[in-house]
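To be precise, the following lines are coords.cif, and they hold mmCIF, C-alpha atoms.
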data_coords
#
loop_
_atom_site.label_atom_id
_atom_site.label_comp_id
_atom_site.auth_asym_id
_atom_site.auth_seq_id
_atom_site.Cartn_x
_atom_site.Cartn_y
_atom_site.Cartn_z
CA MET V 11 -102.16 4.52 -51.88
CA THR V 12 -101.77 7.92 -53.46
CA THR V 13 -105.36 7.79 -54.73
CA LYS V 14 -106.62 7.01 -51.24
CA LYS V 15 -104.72 9.94 -49.79
CA ARG V 16 -106.14 12.31 -52.36
CA GLN V 17 -109.66 11.15 -51.51
CA ILE V 18 -109.07 11.91 -47.86
CA GLN V 19 -107.68 15.36 -48.65
CA ARG V 20 -110.73 16.30 -50.73
CA ARG V 21 -113.05 18.51 -48.71
CA ILE V 22 -116.45 20.11 -49.22
CA VAL V 23 -115.82 23.13 -46.98
CA SER V 24 -112.46 24.85 -46.78
CA LYS V 25 -110.78 25.82 -43.53
CA ASP V 26 -112.03 29.39 -43.88
CA GLY V 27 -115.61 28.18 -44.33
CA HIS V 28 -116.03 28.64 -48.08
CA ASN V 29 -117.94 26.18 -50.23
CA ASN V 30 -115.74 24.00 -52.45
CA VAL V 31 -118.59 22.46 -54.46
CA ARG V 32 -118.78 23.60 -58.08
CA ILE V 33 -122.17 23.69 -59.80
CA ASP V 34 -122.09 22.65 -63.47
CA ASN V 35 -124.52 21.90 -66.29
CA VAL V 36 -127.54 23.75 -64.90
CA GLU V 37 -130.01 24.73 -67.59
CA GLY V 38 -131.23 28.31 -67.44
CA MET V 39 -128.74 29.40 -64.78
CA VAL V 40 -128.87 33.02 -65.94
CA LYS V 41 -132.66 32.97 -65.84
CA LEU V 42 -132.62 31.59 -62.30
CA TYR V 43 -130.28 34.35 -61.18
CA LEU V 44 -132.42 37.01 -62.82
CA HIS V 45 -135.56 35.69 -61.13
CA ASP V 46 -133.87 36.41 -57.80
CA ILE V 47 -132.24 39.64 -58.90
CA TRP V 48 -132.07 41.06 -55.36
CA THR V 49 -129.93 38.22 -54.01
CA THR V 50 -127.84 38.30 -57.18
CA VAL V 51 -127.04 41.98 -56.73
CA VAL V 52 -126.38 41.66 -53.00
CA ASP V 53 -124.01 38.72 -53.56
CA MET V 54 -122.04 40.58 -56.23
CA LYS V 55 -118.41 41.31 -55.58
CA TRP V 56 -117.66 44.91 -54.70
CA ARG V 57 -115.99 45.71 -58.01
CA TYR V 58 -119.07 44.61 -59.93
CA LYS V 59 -121.38 46.39 -57.50
CA LEU V 60 -119.48 49.68 -57.87
CA THR V 61 -119.62 49.27 -61.64
CA LEU V 62 -123.37 48.66 -61.46
CA PHE V 63 -123.82 51.69 -59.18
CA ALA V 64 -121.94 54.04 -61.51
CA SER V 65 -123.44 52.63 -64.71
CA THR V 66 -126.99 52.93 -63.33
CA PHE V 67 -126.62 56.70 -63.03
CA VAL V 68 -124.65 57.26 -66.23
CA MET V 69 -126.92 55.09 -68.38
CA THR V 70 -130.16 56.67 -67.11
CA TRP V 71 -128.72 60.16 -67.66
CA PHE V 72 -127.69 59.24 -71.19
CA ILE V 73 -130.87 57.33 -72.16
CA PHE V 74 -133.21 60.08 -71.07
CA GLY V 75 -130.88 62.66 -72.58
CA VAL V 76 -131.27 60.88 -75.92
CA LEU V 77 -135.07 60.85 -75.46
CA PHE V 78 -135.14 64.58 -74.81
CA TYR V 79 -132.94 65.13 -77.86
CA PHE V 80 -135.27 63.12 -80.11
CA ILE V 81 -138.30 64.92 -78.66
CA GLY V 82 -136.73 68.26 -79.53
CA MET V 83 -135.76 66.98 -82.97
CA GLY V 84 -139.29 65.76 -83.61
CA ASN V 85 -140.71 69.06 -82.48
CA GLY V 86 -138.44 70.95 -84.88
CA ASP V 87 -136.48 72.73 -82.16
CA PHE V 88 -133.17 72.32 -84.00
CA GLU V 89 -134.28 73.70 -87.35
CA SER V 90 -132.76 76.92 -88.63
CA GLY V 91 -134.78 80.07 -89.25
CA LEU V 92 -137.12 79.77 -86.28
CA SER V 93 -139.00 82.91 -85.24
CA SER V 94 -137.91 84.86 -82.20
CA ASN V 95 -141.13 84.06 -80.31
CA TYR V 96 -140.82 80.27 -80.89
CA THR V 97 -140.81 78.21 -77.67
CA PRO V 98 -138.95 74.85 -77.84
CA CYS V 99 -139.65 71.80 -75.64
CA VAL V 100 -136.46 72.31 -73.64
CA MET V 101 -134.99 75.76 -73.59
CA ASN V 102 -131.36 76.24 -74.64
CA VAL V 103 -130.83 72.62 -75.72
CA LYS V 104 -129.34 72.50 -79.22
CA THR V 105 -127.14 69.39 -79.12
CA LEU V 106 -127.06 65.89 -77.66
CA THR V 107 -124.56 67.10 -75.07
CA GLY V 108 -127.00 69.78 -73.96
CA ALA V 109 -129.78 67.20 -73.70
CA PHE V 110 -127.51 64.97 -71.59
CA LEU V 111 -126.74 67.86 -69.23
CA PHE V 112 -130.46 68.67 -68.92
CA SER V 113 -131.18 65.00 -68.06
CA LEU V 114 -128.43 65.04 -65.44
CA GLU V 115 -129.73 68.25 -63.85
CA SER V 116 -133.29 66.91 -63.76
CA GLN V 117 -132.36 63.56 -62.19
CA THR V 118 -129.99 64.94 -59.57
CA THR V 119 -132.38 67.80 -58.68
CA ILE V 120 -129.57 70.33 -59.08
CA GLY V 121 -132.16 72.89 -60.20
CA TYR V 122 -132.83 74.57 -63.51
CA GLY V 123 -130.86 77.55 -64.67
CA TYR V 124 -129.75 77.91 -68.26
CA ARG V 125 -131.66 74.81 -69.44
CA TYR V 126 -135.26 74.18 -68.42
CA ILE V 127 -138.38 72.52 -69.75
CA SER V 128 -141.24 74.56 -71.23
CA GLU V 129 -144.99 74.06 -70.97
CA GLU V 130 -145.44 73.91 -74.75
CA CYS V 131 -144.52 70.21 -75.07
CA PRO V 132 -146.63 67.67 -73.10
CA LEU V 133 -144.49 64.75 -74.32
CA ALA V 134 -141.37 66.28 -72.77
CA ILE V 135 -143.23 66.84 -69.50
CA PHE V 136 -144.40 63.22 -69.48
CA THR V 137 -140.84 62.04 -70.20
CA LEU V 138 -139.52 64.13 -67.32
CA VAL V 139 -142.05 62.62 -64.90
CA ALA V 140 -141.23 59.11 -66.13
CA GLN V 141 -137.50 59.77 -65.68
CA LEU V 142 -137.92 60.89 -62.07
CA VAL V 143 -140.10 57.88 -61.19
CA ILE V 144 -138.00 55.23 -62.94
CA THR V 145 -134.62 56.54 -61.83
CA GLY V 146 -135.92 57.04 -58.29
CA LEU V 147 -136.84 53.35 -58.10
CA ALA V 148 -133.48 52.35 -59.63
CA GLU V 149 -131.57 54.45 -57.10
CA ILE V 150 -133.56 52.95 -54.23
CA PHE V 151 -132.78 49.42 -55.47
CA VAL V 152 -129.04 50.00 -55.94
CA THR V 153 -128.65 51.95 -52.69
CA GLY V 154 -130.58 49.29 -50.78
CA ALA V 155 -128.33 46.59 -52.22
CA PHE V 156 -125.31 48.57 -51.02
CA LEU V 157 -126.71 48.86 -47.50
CA ALA V 158 -127.75 45.20 -47.43
CA LYS V 159 -124.24 44.08 -48.37
CA LEU V 160 -122.67 46.36 -45.76
CA ALA V 161 -125.07 45.17 -43.06
CA ARG V 162 -124.52 41.46 -43.70
CA PRO V 163 -122.90 39.66 -40.75
CA LYS V 164 -120.49 37.87 -43.10
CA LYS V 165 -117.54 40.07 -42.10
CA ARG V 166 -118.42 39.63 -38.44
CA ALA V 167 -118.17 35.87 -38.90
CA GLU V 168 -114.61 36.30 -40.16
CA THR V 169 -113.60 37.54 -36.69
CA ILE V 170 -114.56 34.16 -35.20
CA LYS V 171 -111.51 31.93 -35.00
CA PHE V 172 -111.42 28.13 -34.94
CA SER V 173 -108.43 26.06 -33.93
CA GLN V 174 -106.46 24.69 -36.89
CA SER V 175 -106.59 21.20 -35.41
CA ALA V 176 -109.04 19.21 -33.35
CA VAL V 177 -107.80 16.99 -30.53
CA ILE V 178 -108.98 13.78 -28.92
CA CYS V 179 -108.36 13.27 -25.23
CA ARG V 180 -110.20 12.66 -21.98
CA HIS V 181 -112.59 15.23 -20.54
CA GLN V 182 -114.32 14.51 -17.23
CA GLY V 183 -113.49 10.84 -17.58
CA LYS V 184 -114.88 10.53 -21.13
CA LEU V 185 -113.09 10.23 -24.43
CA CYS V 186 -113.90 13.41 -26.34
CA LEU V 187 -113.13 15.19 -29.57
CA MET V 188 -112.46 18.87 -28.87
CA VAL V 189 -112.29 22.06 -30.90
CA ARG V 190 -111.42 25.54 -29.69
CA VAL V 191 -113.37 28.67 -30.70
CA ALA V 192 -112.64 32.33 -29.98
CA ASN V 193 -114.21 35.71 -30.60
CA MET V 194 -111.62 38.17 -31.91
CA ARG V 195 -113.65 41.31 -31.11
CA LYS V 196 -114.60 42.86 -27.79
CA SER V 197 -118.28 43.03 -28.76
CA LEU V 198 -120.08 39.99 -27.42
CA LEU V 199 -121.61 37.11 -29.31
CA ILE V 200 -124.60 35.77 -27.40
CA GLN V 201 -126.62 32.54 -27.65
CA CYS V 202 -123.68 30.70 -29.21
CA GLN V 203 -124.27 27.14 -30.32
CA LEU V 204 -121.75 24.84 -31.95
CA THR V 205 -123.04 22.07 -34.17
CA GLY V 206 -121.29 19.51 -36.33
CA LYS V 207 -121.96 17.37 -39.37
CA LEU V 208 -119.93 14.29 -40.25
CA LEU V 209 -119.65 13.99 -44.02
CA HIS V 210 -118.70 10.52 -45.22
CA SER V 211 -119.63 7.85 -47.74
CA ASN V 212 -122.30 5.37 -46.71
CA MET V 213 -123.81 2.12 -47.92
CA THR V 214 -127.56 1.78 -47.36
CA GLU V 215 -129.37 -1.44 -46.48
CA GLU V 216 -130.55 -1.64 -50.08
CA GLY V 217 -126.97 -1.63 -51.32
CA GLU V 218 -127.04 1.95 -52.57
CA LYS V 219 -123.83 3.85 -51.94
CA THR V 220 -124.11 7.55 -51.18
CA GLN V 221 -120.92 9.51 -51.69
CA ILE V 222 -121.79 12.16 -49.10
CA HIS V 223 -123.84 11.08 -46.09
CA GLN V 224 -124.48 13.57 -43.28
CA SER V 225 -124.56 12.53 -39.63
CA SER V 226 -125.16 14.94 -36.76
CA VAL V 227 -122.32 15.49 -34.32
CA ASP V 228 -123.40 17.15 -31.08
CA PHE V 229 -120.98 19.50 -29.35
CA CYS V 230 -121.40 20.83 -25.86
CA MET V 231 -119.57 22.89 -23.30
CA ASP V 232 -119.62 21.75 -19.68
CA SER V 233 -123.22 20.64 -19.07
CA SER V 234 -125.07 22.30 -21.95
CA GLY V 235 -124.84 22.60 -25.70
CA GLU V 236 -125.36 26.37 -25.70
CA CYS V 237 -122.96 29.03 -24.50
CA PRO V 238 -124.61 32.22 -23.13
CA PHE V 239 -121.90 34.43 -24.62
CA LEU V 240 -118.53 34.11 -26.30
CA ILE V 241 -116.08 36.45 -24.62
CA LEU V 242 -113.21 34.06 -23.88
CA PRO V 243 -111.62 31.34 -26.03
CA LEU V 244 -113.74 28.28 -25.30
CA THR V 245 -113.33 24.57 -25.94
CA PHE V 246 -116.32 22.57 -27.14
CA TYR V 247 -116.28 18.81 -26.99
CA HIS V 248 -118.08 15.84 -28.49
CA VAL V 249 -118.24 12.59 -26.51
CA LEU V 250 -117.01 9.57 -28.48
CA ASP V 251 -119.46 6.98 -27.18
CA GLU V 252 -121.58 4.33 -28.88
CA ARG V 253 -124.13 6.98 -29.97
CA SER V 254 -121.50 9.04 -31.75
CA PRO V 255 -121.17 8.74 -35.55
CA LEU V 256 -117.43 8.57 -34.84
CA ALA V 257 -117.86 5.47 -32.65
CA GLY V 258 -115.02 3.02 -33.13
CA LEU V 259 -112.49 5.73 -33.89
CA ASN V 260 -109.07 4.96 -32.45
CA GLU V 261 -105.46 5.90 -32.94
CA GLU V 262 -104.85 3.12 -35.48
CA ASN V 263 -107.72 3.85 -37.87
CA LEU V 264 -107.93 7.64 -37.43
CA HIS V 265 -105.83 8.51 -40.47
CA THR V 266 -107.26 5.74 -42.63
CA ARG V 267 -110.88 6.81 -42.18
CA ASP V 268 -112.38 8.88 -44.99
CA PHE V 269 -114.57 11.63 -43.55
CA GLU V 270 -114.86 15.38 -43.08
CA LEU V 271 -116.13 17.01 -39.90
CA LEU V 272 -118.00 20.25 -40.62
CA VAL V 273 -118.24 22.51 -37.56
CA THR V 274 -120.63 25.48 -37.51
CA LEU V 275 -121.00 28.20 -34.88
CA ASN V 276 -124.34 30.04 -34.81
CA ALA V 277 -124.47 33.19 -32.71
CA THR V 278 -126.26 36.50 -32.27
CA MET V 279 -124.40 39.80 -32.35
CA GLU V 280 -125.16 41.80 -29.21
CA SER V 281 -124.71 45.16 -30.95
CA THR V 282 -127.20 44.59 -33.80
CA ALA V 283 -129.16 41.47 -32.73
CA ALA V 284 -128.38 39.98 -36.17
CA THR V 285 -127.45 36.33 -36.41
CA CYS V 286 -124.13 35.27 -37.86
CA GLN V 287 -122.67 31.93 -38.77
CA SER V 288 -119.06 30.84 -39.05
CA ARG V 289 -117.83 27.44 -40.10
CA THR V 290 -114.76 25.34 -40.70
CA SER V 291 -113.98 21.69 -41.34
CA TYR V 292 -111.55 19.05 -40.16
CA ILE V 293 -110.24 16.05 -42.04
CA PRO V 294 -108.57 13.08 -40.28
CA GLN V 295 -105.09 14.54 -40.82
CA GLU V 296 -106.15 17.58 -38.76
CA ILE V 297 -107.36 15.56 -35.75
CA LEU V 298 -104.66 14.77 -33.20
CA TRP V 299 -105.10 11.67 -31.06
CA GLY V 300 -103.90 11.83 -27.46
CA HIS V 301 -103.31 15.59 -27.46
CA GLU V 302 -104.89 18.51 -25.64
CA PHE V 303 -104.93 22.26 -26.13
CA LYS V 304 -102.41 24.37 -24.27
CA PRO V 305 -103.84 26.98 -21.89
CA VAL V 306 -104.57 30.26 -23.64
CA LEU V 307 -105.99 32.29 -20.75
CA PHE V 308 -103.69 33.88 -18.19
CA SER V 309 -104.14 36.29 -15.31
CA THR V 310 -102.02 39.39 -14.72
CA ALA V 311 -100.78 40.97 -11.53
CA GLY V 312 -103.34 43.73 -12.02
CA GLY V 313 -106.21 41.29 -11.69
CA ARG V 314 -107.09 41.11 -15.38
CA TYR V 315 -107.35 38.14 -17.71
CA VAL V 316 -105.33 37.99 -20.91
CA ALA V 317 -106.05 35.68 -23.84
CA ASP V 318 -102.70 35.01 -25.52
CA PHE V 319 -103.45 33.86 -29.06
CA ASN V 320 -99.87 32.72 -29.54
CA PHE V 321 -101.06 29.56 -27.76
CA PHE V 322 -104.47 29.32 -29.45
CA ASP V 323 -103.47 26.65 -32.00
CA LYS V 324 -100.77 25.00 -29.91
CA VAL V 325 -101.33 21.54 -28.49
CA GLN V 326 -99.46 19.24 -26.15
CA VAL V 327 -99.41 15.52 -25.53
CA SER V 328 -102.06 14.50 -23.03
CA ASN V 329 -100.89 13.61 -19.53
CA ASP V 330 -103.29 10.67 -19.47
CA ALA V 331 -101.15 7.51 -19.32
CA ALA V 332 -103.75 5.56 -21.28
CA PHE V 333 -102.84 7.50 -24.41
CA HIS V 334 -99.15 6.66 -24.24
CA GLY V 335 -98.25 3.63 -26.25
CA ASN V 336 -100.83 1.38 -27.85
CA ASN V 337 -103.52 1.53 -25.15
CA THR V 338 -106.64 1.83 -27.28
CA GLU V 339 -108.07 -1.40 -25.91
CA LYS V 340 -107.47 -0.15 -22.38
CA LEU V 341 -109.47 2.97 -23.05
CA LYS V 342 -112.33 0.93 -24.48
CA LEU V 343 -112.35 -1.45 -21.50
CA GLU V 344 -112.40 1.47 -19.05
CA GLN V 345 -115.38 3.01 -20.84
CA ASP V 346 -117.25 -0.32 -20.88
CA PHE V 347 -116.54 -0.78 -17.17
CA LYS V 348 -117.98 2.67 -16.32
CA LYS V 349 -121.16 1.88 -18.26
CA GLU V 350 -121.68 -1.29 -16.25
#
Starting from the coordinates I provided, produce the structure as structure tokens.
Amino acid sequence: MTTKKRQIQRRIVSKDGHNNVRIDNVEGMVKLYLHDIWTTVVDMKWRYKLTLFASTFVMTWFIFGVLFYFIGMGNGDFESGLSSNYTPCVMNVKTLTGAFLFSLESQTTIGYGYRYISEECPLAIFTLVAQLVITGLAEIFVTGAFLAKLARPKKRAETIKFSQSAVICRHQGKLCLMVRVANMRKSLLIQCQLTGKLLHSNMTEEGEKTQIHQSSVDFCMDSSGECPFLILPLTFYHVLDERSPLAGLNEENLHTRDFELLVTLNATMESTAATCQSRTSYIPQEILWGHEFKPVLFSTAGGRYVADFNFFDKVQVSNDAAFHGNNTEKLKLEQDFKKE
């Protein structure tokens, strides 16, 4: 019994929408990540990205500083007893520290003052040009990765709130599974569409058992599956009829079924026209039979509407008498009668 309960509690997607699947034993994983270096850098955590940003500048300053130092050493700029009219490759650079400072000044375009390059050393001039080209490309790459991470709609998706529980009750005379969704910001989300996937084990006709089988679960609001904009907390529902992958679900077998309902909201941000996606999942223990959501929208004396999120996750027992007691068969008979 304990093993069965643990199987039901296992979930692929957490409540906050993160992936719980671990990838193991992949050959050449590092090579795969390096092939798609842009996505790898964008997906980095901020602490690693800041480290990469700082090390990109420091390492290029140091590497080219070492090159300038070796160029001067090879040209004999550091030898003693040089004549007064001798012109070195880089003026006033006598140590590795001085070469590092010259590299820093060249790359950051601070401007030359005490240290500057001379026209007597073509190799140093070529190295300077190469430094400006290579470091310019590196700075563009790192800065672009910063902007791409900042512009991602991932944080916007975190301001979309799903109800902690789903409920099953009647809606417009039909038995429905309902979830509540809300936008926590004043900026609108347009072209909102809620979709669902039922994840469960399945046995094929050939006798092959698949541990995770995906079935589409259609959600709609009123008469359509698409909401023009999400400005108020809305309730989406899925009709539990014979076409539903949850057909046959009742109060008795709800908590013994082994499945996970993945719910995904796709929307477009009005301010930037970028698409965002937010998701959550429900397991049988988070689906309440015979309950309905409490009202969350109220009107004030000043003629305004107020969404009180103290009631967002609160539910109440349905007033439908068919849900009280063991009336599952009655509900099924009523649905069959309406079809006829």
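Distance check against Leu209 in chain V using all atoms listed in the file: of V:Val23, V:Leu187, V:Ile170, V:Leu240, the minimum falls on V:Val23.
The shortest atom-to-atom distance to His301 in chain V, with all atoms listed in the file taken into account, belongs to V:Ser175 out of V:Ser175, V:Asn30, V:Ser197, V:Ser281.
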(message) Using all atoms listed in the file for the distances, tell me which of V:Trp299, V:Phe110, V:Tyr247, V:Phe136 is nearest to Tyr79 in chain V.
(response)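 The answer is V:Phe110, which sits nearest to Tyr79 in chain V.
Our summary of the geometry notes that CA of Val152 in chain V is positioned 8.2 Å from CA of Thr66 in chain V.
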(request) Evaluate the PyMOL selection byres ((chain V and resi 190) around 10) here and jot the selected residues down as a VMD selection string. (result) chain V and resid 171 to 177 188 to 189 191 to 192 243 to 247 303 322 to 323
Quick one: write out the picked residues with C-alpha atoms as a short mmCIF file (atom, residue, chain, number, x, y, z; two decimals), in the frame of the given file?
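part-v1.cif was written with the following content:
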data_model
loop_
_atom_site.label_atom_id
_atom_site.label_comp_id
_atom_site.auth_asym_id
_atom_site.auth_seq_id
_atom_site.Cartn_x
_atom_site.Cartn_y
_atom_site.Cartn_z
CA LYS V 171 -111.51 31.93 -35.00
CA PHE V 172 -111.42 28.13 -34.94
CA SER V 173 -108.43 26.06 -33.93
CA GLN V 174 -106.46 24.69 -36.89
CA SER V 175 -106.59 21.20 -35.41
CA ALA V 176 -109.04 19.21 -33.35
CA VAL V 177 -107.80 16.99 -30.53
CA MET V 188 -112.46 18.87 -28.87
CA VAL V 189 -112.29 22.06 -30.90
CA VAL V 191 -113.37 28.67 -30.70
CA ALA V 192 -112.64 32.33 -29.98
CA PRO V 243 -111.62 31.34 -26.03
CA LEU V 244 -113.74 28.28 -25.30
CA THR V 245 -113.33 24.57 -25.94
CA PHE V 246 -116.32 22.57 -27.14
CA TYR V 247 -116.28 18.81 -26.99
CA PHE V 303 -104.93 22.26 -26.13
CA PHE V 322 -104.47 29.32 -29.45
CA ASP V 323 -103.47 26.65 -32.00
#
(request) Taking the file as shown, find all residues satisfying the PyMOL selection byres ((chain V and resi 259) around 12) and write them as a ChimeraX atom specification. (result) /V:178,185-187,249-252,254-258,260-269,294,297-299,338-339,341-342
Could you take the residues named above and write them with C-alpha atoms, as a short mmCIF file (atom, residue, chain, number, x, y, z; two decimals), in the coordinates of the input?
data_model
loop_
_atom_site.label_atom_id
_atom_site.label_comp_id
_atom_site.auth_asym_id
_atom_site.auth_seq_id
_atom_site.Cartn_x
_atom_site.Cartn_y
_atom_site.Cartn_z
CA ILE V 178 -108.98 13.78 -28.92
CA LEU V 185 -113.09 10.23 -24.43
CA CYS V 186 -113.90 13.41 -26.34
CA LEU V 187 -113.13 15.19 -29.57
CA VAL V 249 -118.24 12.59 -26.51
CA LEU V 250 -117.01 9.57 -28.48
CA ASP V 251 -119.46 6.98 -27.18
CA GLU V 252 -121.58 4.33 -28.88
CA SER V 254 -121.50 9.04 -31.75
CA PRO V 255 -121.17 8.74 -35.55
CA LEU V 256 -117.43 8.57 -34.84
CA ALA V 257 -117.86 5.47 -32.65
CA GLY V 258 -115.02 3.02 -33.13
CA ASN V 260 -109.07 4.96 -32.45
CA GLU V 261 -105.46 5.90 -32.94
CA GLU V 262 -104.85 3.12 -35.48
CA ASN V 263 -107.72 3.85 -37.87
CA LEU V 264 -107.93 7.64 -37.43
CA HIS V 265 -105.83 8.51 -40.47
CA THR V 266 -107.26 5.74 -42.63
CA ARG V 267 -110.88 6.81 -42.18
CA ASP V 268 -112.38 8.88 -44.99
CA PHE V 269 -114.57 11.63 -43.55
CA PRO V 294 -108.57 13.08 -40.28
CA ILE V 297 -107.36 15.56 -35.75
CA LEU V 298 -104.66 14.77 -33.20
CA TRP V 299 -105.10 11.67 -31.06
CA THR V 338 -106.64 1.83 -27.28
CA GLU V 339 -108.07 -1.40 -25.91
CA LEU V 341 -109.47 2.97 -23.05
CA LYS V 342 -112.33 0.93 -24.48
#
(request) To one decimal in Å, tell me the separation between CA of Glu296 in chain V and CA of Phe229 in chain V. (result)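 These atoms are spaced 17.7 Å apart.
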(request) Please indicate the distance in Å from CA of Lys55 in chain V to CA of Asn193 in chain V, rounded to one decimal place. (result)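 Here the two named atoms are 25.9 Å from each other.
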(message) Taking (-126.7, 66.7, -68.6) as a centre in this file's frame and 12 Å as the limit, can you find every polymer residue with an atom that close, using all atoms listed in the file, and give them as a ChimeraX atom specification?
(response) /V:67-76,78-79,103,105-122,124-126
(message) If we count only C-alpha atoms and set the cut-off at 10 Å, which residues sit around Lys207 in chain V, ignoring sequence neighbours fewer than 2 positions away in its own chain? Please answer as a ChimeraX atom specification.
(response) /V:205,209-210,223-228,255,270-274,291
Could you please take those selected residues and save C-alpha atoms as a PDB file, in the coordinates of the input?
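Listing of out28.pdb after writing:
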ATOM      1  CA  THR V 205    -123.040  22.070 -34.170  1.00  0.00           C
ATOM      2  CA  LEU V 209    -119.650  13.990 -44.020  1.00  0.00           C
ATOM      3  CA  HIS V 210    -118.700  10.520 -45.220  1.00  0.00           C
ATOM      4  CA  HIS V 223    -123.840  11.080 -46.090  1.00  0.00           C
ATOM      5  CA  GLN V 224    -124.480  13.570 -43.280  1.00  0.00           C
ATOM      6  CA  SER V 225    -124.560  12.530 -39.630  1.00  0.00           C
ATOM      7  CA  SER V 226    -125.160  14.940 -36.760  1.00  0.00           C
ATOM      8  CA  VAL V 227    -122.320  15.490 -34.320  1.00  0.00           C
ATOM      9  CA  ASP V 228    -123.400  17.150 -31.080  1.00  0.00           C
ATOM     10  CA  PRO V 255    -121.170   8.740 -35.550  1.00  0.00           C
ATOM     11  CA  GLU V 270    -114.860  15.380 -43.080  1.00  0.00           C
ATOM     12  CA  LEU V 271    -116.130  17.010 -39.900  1.00  0.00           C
ATOM     13  CA  LEU V 272    -118.000  20.250 -40.620  1.00  0.00           C
ATOM     14  CA  VAL V 273    -118.240  22.510 -37.560  1.00  0.00           C
ATOM     15  CA  THR V 274    -120.630  25.480 -37.510  1.00  0.00           C
ATOM     16  CA  SER V 291    -113.980  21.690 -41.340  1.00  0.00           C
TER      17      SER V 291
END
Can you find the residues with an atom no farther than 6 Å from (-119.9, 34.4, -26.6), counting only C-alpha atoms, and report them as a compact mmCIF listing (two decimals) with C-alpha atoms, keeping the file's coordinate frame?
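Output file point-v1.txt is given in full below:
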# COMPACT_ATOMS: atom_id res chain seq x y z
CA LEU V 198 -120.08 39.99 -27.42
CA LEU V 199 -121.61 37.11 -29.31
CA ILE V 200 -124.60 35.77 -27.40
CA CYS V 202 -123.68 30.70 -29.21
CA PHE V 239 -121.90 34.43 -24.62
CA LEU V 240 -118.53 34.11 -26.30
CA ILE V 241 -116.08 36.45 -24.62
(request) Identify which of the residues V:Ala167, V:Met213, V:Val52, V:Val327 lies closest to Arg195 in chain V, counting only C-alpha atoms when measuring atom-to-atom distances. (result)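 So, comparing all the options, the nearest one is V:Ala167.
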(request) May I ask which of the residues V:Cys179, V:Leu77, V:Met83, V:Ala155 is the closest one to Leu138 in chain V, counting only C-alpha atoms? (result)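 So, comparing all the options, the nearest one is V:Leu77.
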Can you take the partial range 113-123 of chain V, add N, CA, C and O atoms, and return it as a PDB file, in the frame of the given file?
ATOM      1  N   SER V 113    -130.755  66.222 -68.732  1.00  0.00           N
ATOM      2  CA  SER V 113    -131.180  65.000 -68.060  1.00  0.00           C
ATOM      3  C   SER V 113    -130.475  64.838 -66.726  1.00  0.00           C
ATOM      4  O   SER V 113    -131.085  64.451 -65.726  1.00  0.00           O
ATOM      5  N   LEU V 114    -129.200  65.144 -66.689  1.00  0.00           N
ATOM      6  CA  LEU V 114    -128.430  65.040 -65.440  1.00  0.00           C
ATOM      7  C   LEU V 114    -128.961  66.008 -64.401  1.00  0.00           C
ATOM      8  O   LEU V 114    -129.145  65.644 -63.232  1.00  0.00           O
ATOM      9  N   GLU V 115    -129.223  67.258 -64.793  1.00  0.00           N
ATOM     10  CA  GLU V 115    -129.730  68.250 -63.850  1.00  0.00           C
ATOM     11  C   GLU V 115    -131.104  67.869 -63.320  1.00  0.00           C
ATOM     12  O   GLU V 115    -131.411  68.070 -62.138  1.00  0.00           O
ATOM     13  N   SER V 116    -131.947  67.298 -64.194  1.00  0.00           N
ATOM     14  CA  SER V 116    -133.290  66.910 -63.760  1.00  0.00           C
ATOM     15  C   SER V 116    -133.238  65.756 -62.768  1.00  0.00           C
ATOM     16  O   SER V 116    -133.936  65.752 -61.746  1.00  0.00           O
ATOM     17  N   GLN V 117    -132.400  64.761 -63.029  1.00  0.00           N
ATOM     18  CA  GLN V 117    -132.360  63.560 -62.190  1.00  0.00           C
ATOM     19  C   GLN V 117    -131.695  63.821 -60.853  1.00  0.00           C
ATOM     20  O   GLN V 117    -132.079  63.237 -59.839  1.00  0.00           O
ATOM     21  N   THR V 118    -130.698  64.667 -60.823  1.00  0.00           N
ATOM     22  CA  THR V 118    -129.990  64.940 -59.570  1.00  0.00           C
ATOM     23  C   THR V 118    -130.585  66.120 -58.814  1.00  0.00           C
ATOM     24  O   THR V 118    -130.026  66.520 -57.780  1.00  0.00           O
ATOM     25  N   THR V 119    -131.677  66.667 -59.312  1.00  0.00           N
ATOM     26  CA  THR V 119    -132.380  67.800 -58.680  1.00  0.00           C
ATOM     27  C   THR V 119    -131.433  68.946 -58.362  1.00  0.00           C
ATOM     28  O   THR V 119    -131.531  69.560 -57.297  1.00  0.00           O
ATOM     29  N   ILE V 120    -130.474  69.183 -59.261  1.00  0.00           N
ATOM     30  CA  ILE V 120    -129.570  70.330 -59.080  1.00  0.00           C
ATOM     31  C   ILE V 120    -130.364  71.633 -59.162  1.00  0.00           C
ATOM     32  O   ILE V 120    -130.066  72.612 -58.476  1.00  0.00           O
ATOM     33  N   GLY V 121    -131.383  71.666 -60.003  1.00  0.00           N
ATOM     34  CA  GLY V 121    -132.160  72.890 -60.200  1.00  0.00           C
ATOM     35  C   GLY V 121    -131.910  73.456 -61.584  1.00  0.00           C
ATOM     36  O   GLY V 121    -130.828  73.325 -62.148  1.00  0.00           O
ATOM     37  N   TYR V 122    -132.918  74.064 -62.151  1.00  0.00           N
ATOM     38  CA  TYR V 122    -132.830  74.570 -63.510  1.00  0.00           C
ATOM     39  C   TYR V 122    -132.287  75.989 -63.522  1.00  0.00           C
ATOM     40  O   TYR V 122    -132.670  76.840 -62.716  1.00  0.00           O
ATOM     41  N   GLY V 123    -131.406  76.222 -64.470  1.00  0.00           N
ATOM     42  CA  GLY V 123    -130.860  77.550 -64.670  1.00  0.00           C
ATOM     43  C   GLY V 123    -130.907  77.907 -66.128  1.00  0.00           C
ATOM     44  O   GLY V 123    -131.913  78.418 -66.636  1.00  0.00           O
TER      45      GLY V 123
END
